[in-house]
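Okay, model-v3.pdb now, which holds PDB, C-alpha atoms, pLDDT in the B column:
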MODEL        1
ATOM      1  CA  MET A 181     101.094 104.998 114.372  1.00 73.00           C
ATOM      2  CA  GLN A 182     104.584 104.734 112.831  1.00 90.00           C
ATOM      3  CA  ARG A 183     105.287 101.576 114.815  1.00 92.00           C
ATOM      4  CA  GLN A 184     102.026  99.996 113.651  1.00 90.00           C
ATOM      5  CA  ALA A 185     102.791 100.883 110.035  1.00 89.00           C
ATOM      6  CA  ARG A 186     106.260  99.358 110.362  1.00 95.00           C
ATOM      7  CA  ASP A 187     104.852  96.208 111.976  1.00 95.00           C
ATOM      8  CA  VAL A 188     102.234  95.746 109.235  1.00 94.00           C
ATOM      9  CA  TYR A 189     104.928  96.254 106.595  1.00 95.00           C
ATOM     10  CA  ARG A 190     107.154  93.622 108.229  1.00 97.00           C
ATOM     11  CA  ILE A 191     104.280  91.125 108.473  1.00 96.00           C
ATOM     12  CA  ALA A 192     103.464  91.605 104.784  1.00 96.00           C
ATOM     13  CA  GLU A 193     107.147  91.394 103.859  1.00 97.00           C
ATOM     14  CA  GLU A 194     107.530  88.091 105.725  1.00 96.00           C
ATOM     15  CA  ALA A 195     104.343  86.686 104.162  1.00 96.00           C
ATOM     16  CA  VAL A 196     105.504  87.551 100.644  1.00 96.00           C
ATOM     17  CA  GLY A 197     108.898  85.976 101.286  1.00 96.00           C
ATOM     18  CA  ASN A 198     107.265  82.835 102.656  1.00 94.00           C
ATOM     19  CA  ALA A 199     104.878  82.595  99.692  1.00 96.00           C
ATOM     20  CA  VAL A 200     107.719  82.833  97.195  1.00 95.00           C
ATOM     21  CA  ARG A 201     110.154  80.638  99.135  1.00 94.00           C
ATOM     22  CA  HIS A 202     107.882  77.873 100.388  1.00 91.00           C
ATOM     23  CA  ALA A 203     104.806  77.920  98.123  1.00 94.00           C
ATOM     24  CA  LYS A 204     106.693  78.803  94.927  1.00 94.00           C
ATOM     25  CA  ALA A 205     104.129  81.562  94.283  1.00 96.00           C
ATOM     26  CA  ASN A 206     104.317  83.708  91.155  1.00 97.00           C
ATOM     27  CA  LYS A 207     101.651  86.165  92.295  1.00 97.00           C
ATOM     28  CA  VAL A 208     101.036  87.512  95.798  1.00 97.00           C
ATOM     29  CA  THR A 209      98.178  89.908  96.584  1.00 98.00           C
ATOM     30  CA  ILE A 210      98.095  92.057  99.712  1.00 97.00           C
ATOM     31  CA  GLU A 211      94.898  93.779 100.820  1.00 97.00           C
ATOM     32  CA  MET A 212      94.649  95.993 103.876  1.00 96.00           C
ATOM     33  CA  HIS A 213      91.855  98.024 105.393  1.00 94.00           C
ATOM     34  CA  ILE A 214      90.905  99.569 108.702  1.00 94.00           C
ATOM     35  CA  THR A 215      87.810  98.059 110.308  1.00 95.00           C
ATOM     36  CA  PRO A 216      85.027 100.203 111.804  1.00 96.00           C
ATOM     37  CA  GLY A 217      86.550  99.332 115.194  1.00 95.00           C
ATOM     38  CA  ARG A 218      89.835 100.878 113.980  1.00 92.00           C
ATOM     39  CA  LYS A 219      91.660  97.558 113.712  1.00 92.00           C
ATOM     40  CA  ILE A 220      93.955  96.658 110.852  1.00 92.00           C
ATOM     41  CA  ALA A 221      92.718  93.824 108.632  1.00 94.00           C
ATOM     42  CA  LEU A 222      95.429  92.338 106.419  1.00 95.00           C
ATOM     43  CA  THR A 223      94.673  89.662 103.814  1.00 95.00           C
ATOM     44  CA  ILE A 224      97.472  88.015 101.879  1.00 95.00           C
ATOM     45  CA  THR A 225      96.778  85.517  99.090  1.00 95.00           C
ATOM     46  CA  ASP A 226      99.043  83.772  96.600  1.00 96.00           C
ATOM     47  CA  ASP A 227      98.954  81.302  93.733  1.00 96.00           C
ATOM     48  CA  GLY A 228     101.437  78.928  95.348  1.00 95.00           C
ATOM     49  CA  VAL A 229     101.171  75.211  96.000  1.00 92.00           C
ATOM     50  CA  GLY A 230      99.340  75.610  99.311  1.00 81.00           C
ATOM     51  CA  PHE A 231      98.696  72.992 101.967  1.00 75.00           C
ATOM     52  CA  ARG A 232      95.855  70.866 103.292  1.00 74.00           C
ATOM     53  CA  ARG A 233      93.208  72.544 105.476  1.00 72.00           C
ATOM     54  CA  ALA A 234      93.868  69.981 108.214  1.00 75.00           C
ATOM     55  CA  GLN A 235      97.332  71.524 108.609  1.00 70.00           C
ATOM     56  CA  LEU A 236      95.704  74.828 109.666  1.00 70.00           C
ATOM     57  CA  LYS A 237      94.200  73.371 112.835  1.00 72.00           C
ATOM     58  CA  GLY A 238      95.488  75.292 115.833  1.00 68.00           C
ATOM     59  CA  TRP A 239      97.101  78.065 113.756  1.00 66.00           C
ATOM     60  CA  ASP A 240      94.165  80.499 114.060  1.00 67.00           C
ATOM     61  CA  CYS A 241      94.137  80.871 110.265  1.00 64.00           C
ATOM     62  CA  LYS A 242      91.002  81.838 108.360  1.00 63.00           C
ATOM     63  CA  THR A 243      90.341  80.332 104.930  1.00 55.00           C
TER      64      THR A 243
ENDMDL
END

Would you write the structure of this file as structure tokens?
Amino acid sequence: MQRQARDVYRIAEEAVGNAVRHAKANKVTIEMHITPGRKIALTITDDGVGFRRAQLKGWDCKT
């Protein structure tokens, strides 16, 4: 469990850094919950400049 917690923290940390660095975000929101199947669901949103949906193709990103 400690390793999973560390991994989730690192993923969120990287996402926040990317949002600030690349999207010039002022606000980043992180939401996390455990699914009924005991999987971690992590949602990270920001108010940055974003990118076109066509750029998401092949990235397995959900919008």

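With distances restricted to only C-alpha atoms, A:Thr223 is the closest residue to Ile191 (chain A) from A:Thr223, A:Asn206, A:Thr215, A:Gln235.
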
(request) Using the chain letters and numbers from the file, give me the residues hit by the PyMOL selection byres ((chain A and resi 209-211) around 10), as a PyMOL selection string. (result) chain A and resi 192-193+195-196+207-208+212-213+221-227

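The residue that comes closest to Gly230 (chain A), out of A:Val188, A:Ile214, A:Met181, A:Val200 and on the basis of all atoms listed in the file, is A:Val200.
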
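What separates CA of Ala203 (chain A) from CA of Arg190 (chain A) is a distance of 18.8 Å.
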
(message) Just to confirm, what's the straight-line distance from CA of Val229 (chain A) to CA of Gly197 (chain A) in Å (one decimal)?
(response) 14.3 Å

Draw an axis-aligned box tight on the listed atoms of region 194-209 of chain A, then pad every side by 8 Å and write out centre and edge lengths in Å to one decimal as AutoDock Vina command-line options.
--center_x 104.2 --center_y 83.9 --center_z 98.4 --size_x 28.0 --size_y 28.0 --size_z 30.6

(request) Just give me the gap between CA of Arg186 (chain A) and CA of Lys219 (chain A) in Å, one decimal is fine. (result)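 It comes out at 15.1 Å.
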